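Next up, model_33.cif (mmCIF, C-alpha atoms):
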data_upload
#
loop_
_atom_site.label_atom_id
_atom_site.label_comp_id
_atom_site.auth_asym_id
_atom_site.auth_seq_id
_atom_site.Cartn_x
_atom_site.Cartn_y
_atom_site.Cartn_z
CA MET A 1 0.00 0.00 0.00
CA THR A 2 1.30 3.46 -0.93
CA VAL A 3 2.06 5.62 2.10
CA LEU A 4 -0.57 8.34 2.41
CA PRO A 5 0.83 11.88 2.19
CA LYS A 6 0.74 13.67 5.52
CA PHE A 7 -1.28 16.54 4.11
CA VAL A 8 -4.38 14.39 3.64
CA HIS A 9 -6.77 15.74 6.26
CA VAL A 10 -9.76 13.88 7.73
CA ARG A 11 -12.39 16.22 9.12
CA LEU A 12 -16.10 16.68 9.67
CA LEU A 13 -18.33 17.40 6.68
CA LYS A 14 -19.19 21.10 6.21
CA ARG A 15 -22.08 22.77 4.41
CA GLU A 16 -19.77 24.14 1.75
CA ASP A 17 -18.74 20.54 0.90
CA ALA A 18 -22.18 19.67 -0.53
CA ASP A 19 -21.25 20.01 -4.22
CA SER A 20 -17.99 18.08 -3.75
CA ILE A 21 -19.75 15.22 -1.94
CA VAL A 22 -22.43 14.98 -4.64
CA ASP A 23 -19.67 14.86 -7.27
CA LEU A 24 -17.84 12.13 -5.32
CA TYR A 25 -21.01 10.03 -5.17
CA ASN A 26 -21.62 10.54 -8.89
CA THR A 27 -18.04 9.43 -9.61
CA VAL A 28 -18.68 6.00 -8.05
CA GLY A 29 -22.19 5.71 -9.56
CA TRP A 30 -24.24 6.56 -6.47
CA LYS A 31 -27.04 9.12 -6.35
CA LEU A 32 -27.07 11.87 -3.73
CA SER A 33 -28.77 15.27 -3.43
CA LYS A 34 -27.49 18.41 -1.73
CA GLU A 35 -30.65 18.36 0.38
CA HIS A 36 -29.64 14.98 1.77
CA VAL A 37 -26.19 16.34 2.60
CA ALA A 38 -27.84 19.20 4.50
CA LYS A 39 -29.77 16.68 6.63
CA TRP A 40 -26.53 14.81 7.40
CA ILE A 41 -25.07 18.03 8.77
CA LYS A 42 -28.22 18.81 10.77
CA TYR A 43 -28.03 15.53 12.70
CA SER A 44 -24.24 15.38 12.92
CA ASP A 45 -22.71 15.33 16.43
CA LYS A 46 -26.00 14.26 18.06
CA TYR A 47 -26.24 10.81 16.53
CA GLY A 48 -23.14 10.38 14.43
CA ARG A 49 -20.54 11.95 12.20
CA VAL A 50 -19.96 12.34 8.49
CA LEU A 51 -16.23 12.52 7.81
CA VAL A 52 -14.40 13.52 4.65
CA ALA A 53 -10.80 13.03 3.52
CA GLU A 54 -9.36 16.14 1.90
CA LEU A 55 -6.23 16.31 -0.26
CA ASN A 56 -4.94 19.66 -1.54
CA GLY A 57 -8.43 21.15 -1.19
CA LYS A 58 -10.13 18.22 -2.97
CA ILE A 59 -12.46 15.81 -1.19
CA VAL A 60 -11.29 12.32 -2.09
CA GLY A 61 -13.15 10.19 0.48
CA LYS A 62 -16.16 10.07 2.77
CA VAL A 63 -17.58 7.87 5.49
CA THR A 64 -20.55 7.98 7.88
CA LEU A 65 -20.36 6.91 11.53
CA ASP A 66 -23.70 6.27 13.27
CA THR A 67 -23.66 6.37 17.09
CA ALA A 68 -27.36 6.56 17.95
CA PHE A 69 -27.45 3.52 20.25
CA SER A 70 -24.59 3.03 22.70
CA PRO A 71 -22.38 0.99 22.93
CA TYR A 72 -22.78 0.26 19.20
CA ALA A 73 -21.39 2.31 16.33
CA GLU A 74 -21.94 1.52 12.66
CA ILE A 75 -19.58 2.56 9.88
CA VAL A 76 -21.62 3.22 6.73
CA ASN A 77 -20.91 3.97 3.09
CA ILE A 78 -17.15 4.47 2.96
CA ILE A 79 -16.26 5.95 -0.42
CA VAL A 80 -12.84 6.67 -1.89
CA HIS A 81 -12.43 8.46 -5.23
CA PRO A 82 -11.25 5.92 -7.87
CA GLY A 83 -8.22 8.07 -8.59
CA TYR A 84 -7.04 7.94 -4.97
CA GLN A 85 -7.61 4.30 -4.04
CA LYS A 86 -4.88 2.05 -2.60
CA MET A 87 -3.24 5.12 -1.06
CA GLY A 88 -4.48 4.64 2.51
CA VAL A 89 -7.38 7.11 2.32
CA GLY A 90 -9.89 4.44 3.39
CA SER A 91 -7.68 3.28 6.26
CA LYS A 92 -7.39 6.81 7.58
CA LEU A 93 -11.16 7.30 7.45
CA ILE A 94 -11.85 4.01 9.26
CA LYS A 95 -9.21 4.70 11.93
CA GLU A 96 -10.75 8.10 12.61
CA CYS A 97 -14.18 6.46 12.96
CA ILE A 98 -12.76 3.98 15.48
CA LYS A 99 -11.12 6.81 17.41
CA ILE A 100 -14.29 8.92 17.57
CA ALA A 101 -16.50 5.97 18.48
CA THR A 102 -14.18 4.67 21.19
CA ASN A 103 -13.68 8.10 22.76
CA SER A 104 -17.46 8.54 23.03
CA GLY A 105 -18.06 5.14 24.66
CA HIS A 106 -19.21 3.28 21.54
CA ASN A 107 -16.84 0.34 21.85
CA ILE A 108 -18.59 -2.22 19.62
CA ILE A 109 -18.17 -1.09 16.01
CA TYR A 110 -19.63 -2.93 13.05
CA LEU A 111 -19.94 -2.55 9.29
CA MET A 112 -21.18 -4.41 6.23
CA CYS A 113 -18.96 -5.77 3.44
CA ASP A 114 -18.97 -8.21 0.55
CA PRO A 115 -18.42 -11.83 1.72
CA ALA A 116 -16.74 -12.76 -1.58
CA ASN A 117 -14.25 -9.86 -1.78
CA ARG A 118 -10.97 -11.20 -0.39
CA GLU A 119 -9.19 -7.90 -0.95
CA ILE A 120 -11.66 -5.99 1.21
CA HIS A 121 -11.38 -8.77 3.83
CA ARG A 122 -7.63 -8.16 4.06
CA PHE A 123 -8.23 -4.43 4.30
CA TYR A 124 -10.59 -4.71 7.27
CA ALA A 125 -8.62 -7.52 8.95
CA GLN A 126 -5.55 -5.28 9.04
CA LEU A 127 -7.68 -2.70 10.86
CA GLY A 128 -8.78 -5.24 13.51
CA PHE A 129 -12.21 -6.31 12.22
CA ILE A 130 -13.45 -9.90 12.39
CA PRO A 131 -16.60 -11.54 10.93
CA GLY A 132 -19.74 -11.72 13.06
CA ILE A 133 -22.32 -12.73 10.43
CA LEU A 134 -20.77 -14.40 7.40
CA GLY A 135 -23.50 -13.65 4.91
CA ASP A 136 -24.32 -15.47 1.70
CA LEU A 137 -21.56 -15.96 -0.88
CA LYS A 138 -24.22 -16.28 -3.59
CA LYS A 139 -25.50 -12.73 -3.05
CA ASP A 140 -24.39 -10.05 -5.49
CA ARG A 141 -24.17 -7.25 -2.94
CA GLY A 142 -22.29 -7.15 0.33
CA ASN A 143 -24.07 -8.78 3.24
CA MET A 144 -21.35 -9.79 5.71
CA TRP A 145 -21.20 -8.01 9.09
CA LEU A 146 -17.76 -7.38 10.56
CA TYR A 147 -17.04 -6.35 14.17
CA TYR A 148 -14.35 -4.36 15.92
CA PHE A 149 -14.19 -4.60 19.73
CA SER A 150 -12.31 -1.60 21.06
CA LYS A 151 -10.77 -0.99 24.46
CA ASN A 152 -13.22 -1.12 27.38
CA SER A 153 -15.50 -3.53 25.50
CA PHE A 154 -16.14 -6.71 27.46
CA VAL A 155 -14.94 -8.81 24.51
CA ASN A 156 -11.62 -6.97 24.38
CA ASN A 157 -11.26 -7.40 28.16
CA PHE A 158 -11.65 -11.17 27.77
CA LEU A 159 -9.09 -11.28 24.95
CA GLU A 160 -6.55 -9.27 26.93
CA ASP A 161 -6.86 -11.78 29.78
CA HIS A 162 -6.82 -14.74 27.38
CA PRO A 163 -4.25 -13.95 24.67
CA PHE A 164 -4.18 -17.51 23.25
CA SER A 165 -7.91 -17.67 22.61
CA GLU A 166 -9.10 -19.49 19.49
CA PHE A 167 -11.84 -17.72 17.51
CA HIS A 168 -14.78 -19.38 15.77
CA VAL A 169 -17.74 -17.83 13.93
CA SER A 170 -20.88 -19.77 13.03
CA LYS A 171 -21.66 -20.30 9.35
CA GLY A 172 -25.35 -19.79 10.00
CA LYS A 173 -27.79 -19.43 12.85
CA VAL A 174 -27.42 -21.55 15.98
CA ASN A 175 -29.94 -22.40 18.68
CA PHE A 176 -29.45 -20.89 22.12
CA HIS A 177 -32.15 -21.49 24.73
CA GLY A 178 -34.91 -21.75 22.16
CA SER A 179 -33.93 -18.75 20.02
CA THR A 180 -31.70 -18.58 16.95
CA PHE A 181 -28.67 -16.31 16.72
CA TYR A 182 -25.34 -15.93 14.94
CA SER A 183 -22.41 -16.92 17.15
CA MET A 184 -18.91 -15.55 17.79
CA LYS A 185 -16.88 -17.71 20.16
CA TRP A 186 -13.47 -17.50 21.83
CA CYS A 187 -11.94 -20.47 23.69
CA ASP A 188 -8.74 -20.17 25.73
CA LEU A 189 -6.58 -23.18 24.91
CA ILE A 190 -4.74 -22.95 28.24
CA THR A 191 -7.40 -22.16 30.84
CA GLU A 192 -10.40 -23.57 28.90
CA ASP A 193 -12.28 -20.35 29.67
CA VAL A 194 -14.94 -19.49 27.09
CA LEU A 195 -16.71 -16.39 25.87
CA GLU A 196 -19.46 -16.77 23.28
CA ILE A 197 -21.70 -13.95 22.12
CA PHE A 198 -24.91 -14.43 20.18
CA ILE A 199 -25.96 -11.81 17.64
CA LYS A 200 -29.57 -11.21 16.68
CA GLY A 201 -29.79 -9.96 13.12
CA GLN A 202 -29.50 -11.05 9.51
CA PRO A 203 -26.96 -10.94 6.70
CA GLY A 204 -26.75 -7.43 5.31
CA GLN A 205 -29.55 -4.95 4.85
CA PRO A 206 -32.72 -6.43 3.32
CA GLU A 207 -34.65 -4.30 0.83
CA SER A 208 -37.52 -4.35 3.31
CA GLY A 209 -37.67 -5.25 6.99
CA GLY A 210 -34.61 -6.37 8.86
CA THR A 211 -33.31 -5.48 12.30
CA MET A 212 -30.15 -3.89 13.69
CA PRO A 213 -27.55 -6.55 14.55
CA ARG A 214 -27.06 -6.62 18.33
CA ILE A 215 -25.73 -8.85 21.10
CA SER A 216 -28.75 -10.64 22.59
CA GLY A 217 -27.12 -13.71 24.10
CA LEU A 218 -23.99 -14.62 26.03
CA LYS A 219 -22.24 -17.74 27.31
CA CYS A 220 -19.31 -17.20 29.63
CA LYS A 221 -17.02 -19.54 31.60
CA LEU A 222 -14.29 -18.04 33.78
CA GLY A 223 -12.93 -20.63 36.19
CA GLU A 224 -15.71 -21.51 38.65
CA VAL A 225 -17.95 -18.73 37.30
CA GLU A 226 -20.18 -19.87 34.46
CA PHE A 227 -23.42 -18.35 33.25
CA ASP A 228 -25.75 -17.97 30.26
CA CYS A 229 -27.66 -14.76 29.52
CA TRP A 230 -30.16 -14.05 26.77
CA ILE A 231 -32.82 -11.53 25.79
CA GLN A 232 -36.34 -12.45 24.70
CA GLU A 233 -38.40 -9.65 23.16
CA GLU A 234 -42.09 -10.15 23.87
CA ASN A 235 -43.15 -7.94 20.97
CA ASN A 236 -41.37 -6.64 17.87
CA ILE A 237 -42.91 -3.18 17.49
CA ILE A 238 -42.55 -0.03 19.56
CA SER A 239 -44.34 3.31 19.13
CA PRO A 240 -45.48 6.20 21.35
CA ASP A 241 -48.62 4.13 21.98
CA ILE A 242 -47.04 0.66 22.24
CA PRO A 243 -44.19 -0.05 24.69
CA GLY A 244 -41.52 -2.59 23.93
CA LYS A 245 -41.39 -5.47 26.42
CA PHE A 246 -38.59 -7.96 26.93
CA ARG A 247 -37.14 -10.44 29.40
CA LEU A 248 -33.55 -10.78 30.51
CA ASN A 249 -32.73 -14.41 31.34
CA ILE A 250 -29.74 -15.30 33.51
CA MET A 251 -28.79 -18.90 34.31
CA ASN A 252 -26.07 -19.68 36.83
CA LYS A 253 -24.21 -22.77 35.59
CA GLY A 254 -21.14 -22.30 37.82
CA ARG A 255 -20.08 -23.82 41.12
CA LYS A 256 -21.01 -20.98 43.45
CA GLU A 257 -23.58 -18.28 44.05
CA THR A 258 -23.30 -15.38 41.63
CA SER A 259 -24.23 -11.75 42.19
CA ILE A 260 -25.50 -9.69 39.25
CA SER A 261 -25.90 -5.92 38.95
CA ILE A 262 -27.95 -4.60 36.02
CA LYS A 263 -27.58 -1.05 34.74
CA PRO A 264 -29.19 0.31 31.56
CA LEU A 265 -27.00 2.44 29.32
CA PRO A 266 -28.38 5.96 28.85
CA LEU A 267 -30.71 6.45 25.88
CA ARG A 268 -32.26 9.81 25.14
CA GLY A 269 -36.05 10.05 24.96
CA VAL A 270 -37.02 6.69 26.48
CA LYS A 271 -38.12 5.32 29.84
CA LEU A 272 -37.05 1.85 30.94
CA THR A 273 -38.66 0.15 33.93
CA SER A 274 -38.07 -3.24 35.51
CA GLU A 275 -40.42 -5.52 37.44
CA THR A 276 -37.51 -7.03 39.37
CA PRO A 277 -34.59 -5.60 41.39
CA MET A 278 -31.49 -4.47 39.52
CA HIS A 279 -29.20 -6.21 42.02
CA LEU A 280 -29.62 -9.97 42.29
CA LYS A 281 -28.03 -13.07 43.77
CA ILE A 282 -28.40 -16.28 41.79
CA ASP A 283 -27.88 -19.70 43.33
CA VAL A 284 -26.16 -22.56 41.52
CA ASN A 285 -28.39 -23.91 38.73
CA GLU A 286 -30.92 -21.10 39.30
CA HIS A 287 -32.57 -19.42 36.31
CA ILE A 288 -34.00 -15.94 36.85
CA LYS A 289 -36.10 -13.83 34.49
CA SER A 290 -36.19 -10.05 34.74
CA ARG A 291 -38.98 -8.33 32.81
CA PHE A 292 -38.53 -4.84 31.36
CA LYS A 293 -40.73 -2.27 29.64
CA LEU A 294 -39.37 0.36 27.25
CA GLU A 295 -41.51 3.43 26.56
CA LEU A 296 -40.92 6.24 24.07
CA LEU A 297 -41.18 9.74 25.53
CA LYS A 298 -42.23 12.93 23.78
CA ASN A 299 -38.62 14.08 23.48
CA PHE A 300 -37.49 10.99 21.55
CA ASN A 301 -36.06 12.45 18.36
CA ILE A 302 -33.47 10.04 16.95
CA PRO A 303 -33.78 10.29 13.12
CA LEU A 304 -34.33 6.59 12.51
CA LYS A 305 -34.96 7.02 8.78
CA TYR A 306 -31.33 8.03 8.31
CA LEU A 307 -30.02 4.89 10.04
CA THR A 308 -29.46 1.54 8.36
CA PHE A 309 -32.28 0.02 10.45
CA PRO A 310 -35.22 1.72 12.24
CA THR A 311 -34.49 -0.39 15.31
CA ILE A 312 -34.70 1.25 18.73
CA THR A 313 -32.10 -0.57 20.78
CA VAL A 314 -31.69 -0.53 24.56
CA THR A 315 -28.66 -2.08 26.22
CA LEU A 316 -28.16 -3.41 29.73
CA MET A 317 -24.74 -3.47 31.35
CA LEU A 318 -24.27 -6.56 33.53
CA LYS A 319 -21.68 -6.77 36.27
CA ILE A 320 -21.11 -10.29 37.56
CA ASN A 321 -19.40 -10.73 40.94
CA SER A 322 -18.14 -7.13 40.75
CA ASP A 323 -15.41 -7.96 38.22
CA VAL A 324 -16.92 -9.49 35.05
CA LYS A 325 -18.80 -7.11 32.76
CA ALA A 326 -21.00 -7.86 29.77
CA ILE A 327 -23.87 -6.34 27.81
CA MET A 328 -27.25 -7.54 26.58
CA SER A 329 -29.37 -5.64 24.05
CA ALA A 330 -33.04 -5.68 23.10
CA GLY A 331 -34.38 -4.11 19.93
CA PHE A 332 -37.76 -3.01 18.62
CA GLU A 333 -38.82 -1.81 15.18
CA HIS A 334 -40.31 1.66 15.28
CA ALA A 335 -43.87 2.20 14.05
CA GLU A 336 -45.56 5.56 13.60
CA PRO A 337 -48.67 6.07 15.78
CA LYS A 338 -51.99 5.52 14.06
#

Can the structure from this file be put into structure tokens for me?
Amino acid sequence: MTVLPKFVHVRLLKREDADSIVDLYNTVGWKLSKEHVAKWIKYSDKYGRVLVAELNGKIVGKVTLDTAFSPYAEIVNIIVHPGYQKMGVGSKLIKECIKIATNSGHNIIYLMCDPANREIHRFYAQLGFIPGILGDLKKDRGNMWLYYFSKNSFVNNFLEDHPFSEFHVSKGKVNFHGSTFYSMKWCDLITEDVLEIFIKGQPGQPESGGTMPRISGLKCKLGEVEFDCWIQEENNIISPDIPGKFRLNIMNKGRKETSISIKPLPLRGVKLTSETPMHLKIDVNEHIKSRFKLELLKNFNIPLKYLTFPTITVTLMLKINSDVKAIMSAGFEHAEPK
């Protein structure tokens, strides 16, 4: 790869960039209006960023970073001008996305790519991404989801403590306590500790429907501590008139009593209530179910139509025995009130 000149500058999109961005999209065969660019700028900073790469006053690259639902961040629509490819422009844009996301607490970063493009696989692998949903090799468009677990993510914490872990990703959906998910699994060859996360989602972005990929299941073994957690949504739709309801299941499969603290991550414009305490003790072989209700408030204003999926996602932070942390996420598709 050619070393990128130091004077390439990655910065936030500005209003005066509208014509240049439209031209960049036209160059790669994509349609874009200046009105759409104006809406990007309007919602920038609140729910994400649109970044551009500038070289000698010319915009040669662009990427969108969506950060509406912590701790997730999605990298969307990275574009590099054909005349400036293989120069490191894309790498610089992705690295800046990772930096911004991580610094704002969005430590699980994902993006979509083509499952048959080995060159793009090498590109993202060098940046630290690994496959979470493999997609369908027979599809013409990209439908593989890749994940990057940055510092302070519970996956990265496990890998730092277990440097010889072996990674495995499922080829398709697997069954976990009666629900089907995609699986990412790490096994430590020395300690035999295990971390397996289960992703609810689908390959790529369907033309209609679909849901935001999210971690909705977890299997963890750390010495004598062993537990399974999973989310069960009781309904799929949420609106100002219809709350989203879900259950958090925790099963203690270890050799001793386990204490669990549950803390929802902040989400603007919603109200989350629980029917059970947020601090629990679980006996060996005990299975507890905590029921939650998510309500939209009048000040909910996340522009869902500009996100890849109109999925309102709420995430619970779990602290097990005061030292092990993990997350579980529930998601609901937004419906306009009748």

Discussion item. So that I can check the surroundings of Ser91 (chain A), please list as an MDAnalysis selection string every protein, DNA and RNA residue that reaches within 9 Å of it, counting only C-alpha atoms and ignoring chain neighbours fewer than 5 positions away.
Written reply: chainID A and resid 96 123:124 127

Discussion item. I'd like to see the residues matched by the PyMOL selection byres ((chain A and resi 325-328) around 12) on this file, and ideally I'd get them as a ChimeraX atom specification.
Written reply: /A:70-72,107-108,152-158,195-200,214-220,222,227-233,246-250,259-265,313-324,329-331

Export of the given selection (C-alpha atoms) as a short mmCIF file (atom, residue, chain, number, x, y, z; two decimals), in the coordinates of the input:
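Output (result-v6.cif):
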data_model
loop_
_atom_site.label_atom_id
_atom_site.label_comp_id
_atom_site.auth_asym_id
_atom_site.auth_seq_id
_atom_site.Cartn_x
_atom_site.Cartn_y
_atom_site.Cartn_z
CA SER A 70 -24.59 3.03 22.70
CA PRO A 71 -22.38 0.99 22.93
CA TYR A 72 -22.78 0.26 19.20
CA ASN A 107 -16.84 0.34 21.85
CA ILE A 108 -18.59 -2.22 19.62
CA ASN A 152 -13.22 -1.12 27.38
CA SER A 153 -15.50 -3.53 25.50
CA PHE A 154 -16.14 -6.71 27.46
CA VAL A 155 -14.94 -8.81 24.51
CA ASN A 156 -11.62 -6.97 24.38
CA ASN A 157 -11.26 -7.40 28.16
CA PHE A 158 -11.65 -11.17 27.77
CA LEU A 195 -16.71 -16.39 25.87
CA GLU A 196 -19.46 -16.77 23.28
CA ILE A 197 -21.70 -13.95 22.12
CA PHE A 198 -24.91 -14.43 20.18
CA ILE A 199 -25.96 -11.81 17.64
CA LYS A 200 -29.57 -11.21 16.68
CA ARG A 214 -27.06 -6.62 18.33
CA ILE A 215 -25.73 -8.85 21.10
CA SER A 216 -28.75 -10.64 22.59
CA GLY A 217 -27.12 -13.71 24.10
CA LEU A 218 -23.99 -14.62 26.03
CA LYS A 219 -22.24 -17.74 27.31
CA CYS A 220 -19.31 -17.20 29.63
CA LEU A 222 -14.29 -18.04 33.78
CA PHE A 227 -23.42 -18.35 33.25
CA ASP A 228 -25.75 -17.97 30.26
CA CYS A 229 -27.66 -14.76 29.52
CA TRP A 230 -30.16 -14.05 26.77
CA ILE A 231 -32.82 -11.53 25.79
CA GLN A 232 -36.34 -12.45 24.70
CA GLU A 233 -38.40 -9.65 23.16
CA PHE A 246 -38.59 -7.96 26.93
CA ARG A 247 -37.14 -10.44 29.40
CA LEU A 248 -33.55 -10.78 30.51
CA ASN A 249 -32.73 -14.41 31.34
CA ILE A 250 -29.74 -15.30 33.51
CA SER A 259 -24.23 -11.75 42.19
CA ILE A 260 -25.50 -9.69 39.25
CA SER A 261 -25.90 -5.92 38.95
CA ILE A 262 -27.95 -4.60 36.02
CA LYS A 263 -27.58 -1.05 34.74
CA PRO A 264 -29.19 0.31 31.56
CA LEU A 265 -27.00 2.44 29.32
CA THR A 313 -32.10 -0.57 20.78
CA VAL A 314 -31.69 -0.53 24.56
CA THR A 315 -28.66 -2.08 26.22
CA LEU A 316 -28.16 -3.41 29.73
CA MET A 317 -24.74 -3.47 31.35
CA LEU A 318 -24.27 -6.56 33.53
CA LYS A 319 -21.68 -6.77 36.27
CA ILE A 320 -21.11 -10.29 37.56
CA ASN A 321 -19.40 -10.73 40.94
CA SER A 322 -18.14 -7.13 40.75
CA ASP A 323 -15.41 -7.96 38.22
CA VAL A 324 -16.92 -9.49 35.05
CA SER A 329 -29.37 -5.64 24.05
CA ALA A 330 -33.04 -5.68 23.10
CA GLY A 331 -34.38 -4.11 19.93
#

Discussion item. Using Å and a single decimal, report how far CA of Ile59 (chain A) sits from CA of Lys86 (chain A).
Written reply: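 CA of Ile59 (chain A) lies at a distance of 15.8 Å from CA of Lys86 (chain A).
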
Discussion item. Could you list, as a list of chain:residue names, every residue within 8 Å of Ala68 (chain A), counting only C-alpha atoms and ignoring same-chain residues fewer than 4 positions away?
Written reply: A:Lys46, A:Tyr47, A:Gly48, A:Tyr72, A:Ala73, A:Ile302

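Distance annotation: of A:Lys92, A:Arg255, A:His334, A:Lys281, the residue with the minimal separation from Pro243 (chain A) is A:His334; atom set is all atoms listed in the file.
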
Determine, for each residue of region 91-158 of chain A having at least one atom at most 12 Å from an atom of region 31-45 of chain A, the closest pair of atoms and their separation in Å to one decimal, counting all atoms listed in the file; order by chain and ascending number, as CSV.
residue,atom,partner,partner_atom,distance
A:Ile100,CA,A:Asp45,CA,10.6
A:Ala101,CA,A:Asp45,CA,11.4
A:Ser104,CA,A:Asp45,CA,10.8

Grab the residues selected above and save them as a compact mmCIF listing (two decimals), in the coordinates of the input with C-alpha atoms.
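Saved result, part.txt, follows:
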# COMPACT_ATOMS: atom_id res chain seq x y z
CA ILE A 100 -14.29 8.92 17.57
CA ALA A 101 -16.50 5.97 18.48
CA SER A 104 -17.46 8.54 23.03

Worksheet item: For Glu275 (chain A), which residue out of A:Asn143, A:Asp161, A:Gly83, A:Ser290 is the nearest one, using only C-alpha atoms?
Response: A:Ser290

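With distances taken over all atoms listed in the file, A:Lys185 is the one residue among A:Lys138, A:Lys185, A:Lys151, A:His121 lying closest to Ser165 (chain A).
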
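Nearest to Gly172 (chain A) of all the residues A:Gln202, A:Ser274, A:Thr64, A:Thr311 is A:Gln202, counting all atoms listed in the file.
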
Item to complete: Taking the file as shown, find all residues satisfying the PyMOL selection byres ((chain A and resi 240) around 8) and write them as a list of chain:residue names.
Response: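 On this input, the PyMOL selection byres ((chain A and resi 240) around 8) captures A:Ile238, A:Ser239, A:Asp241, A:Ile242, A:Pro243, A:Glu295, A:Leu296, A:Leu297, A:Lys298, A:Glu336, A:Pro337.
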
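Take CA of Lys171 (chain A) and CA of Asn235 (chain A): the distance between them is 27.4 Å.
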
Worksheet item: Could you spell out the hits of the PyMOL selection byres ((chain A and resi 169) around 10) on the shown file, as a VMD selection string?
Response: chain A and resid 130 to 134 167 to 168 170 to 172 182 to 186 196 to 197

Dump as a short mmCIF file (atom, residue, chain, number, x, y, z; two decimals), in the frame of the given file, selection limited to C-alpha atoms:
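Here's the written file again_19.cif:
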data_model
loop_
_atom_site.label_atom_id
_atom_site.label_comp_id
_atom_site.auth_asym_id
_atom_site.auth_seq_id
_atom_site.Cartn_x
_atom_site.Cartn_y
_atom_site.Cartn_z
CA ILE A 130 -13.45 -9.90 12.39
CA PRO A 131 -16.60 -11.54 10.93
CA GLY A 132 -19.74 -11.72 13.06
CA ILE A 133 -22.32 -12.73 10.43
CA LEU A 134 -20.77 -14.40 7.40
CA PHE A 167 -11.84 -17.72 17.51
CA HIS A 168 -14.78 -19.38 15.77
CA SER A 170 -20.88 -19.77 13.03
CA LYS A 171 -21.66 -20.30 9.35
CA GLY A 172 -25.35 -19.79 10.00
CA TYR A 182 -25.34 -15.93 14.94
CA SER A 183 -22.41 -16.92 17.15
CA MET A 184 -18.91 -15.55 17.79
CA LYS A 185 -16.88 -17.71 20.16
CA TRP A 186 -13.47 -17.50 21.83
CA GLU A 196 -19.46 -16.77 23.28
CA ILE A 197 -21.70 -13.95 22.12
#
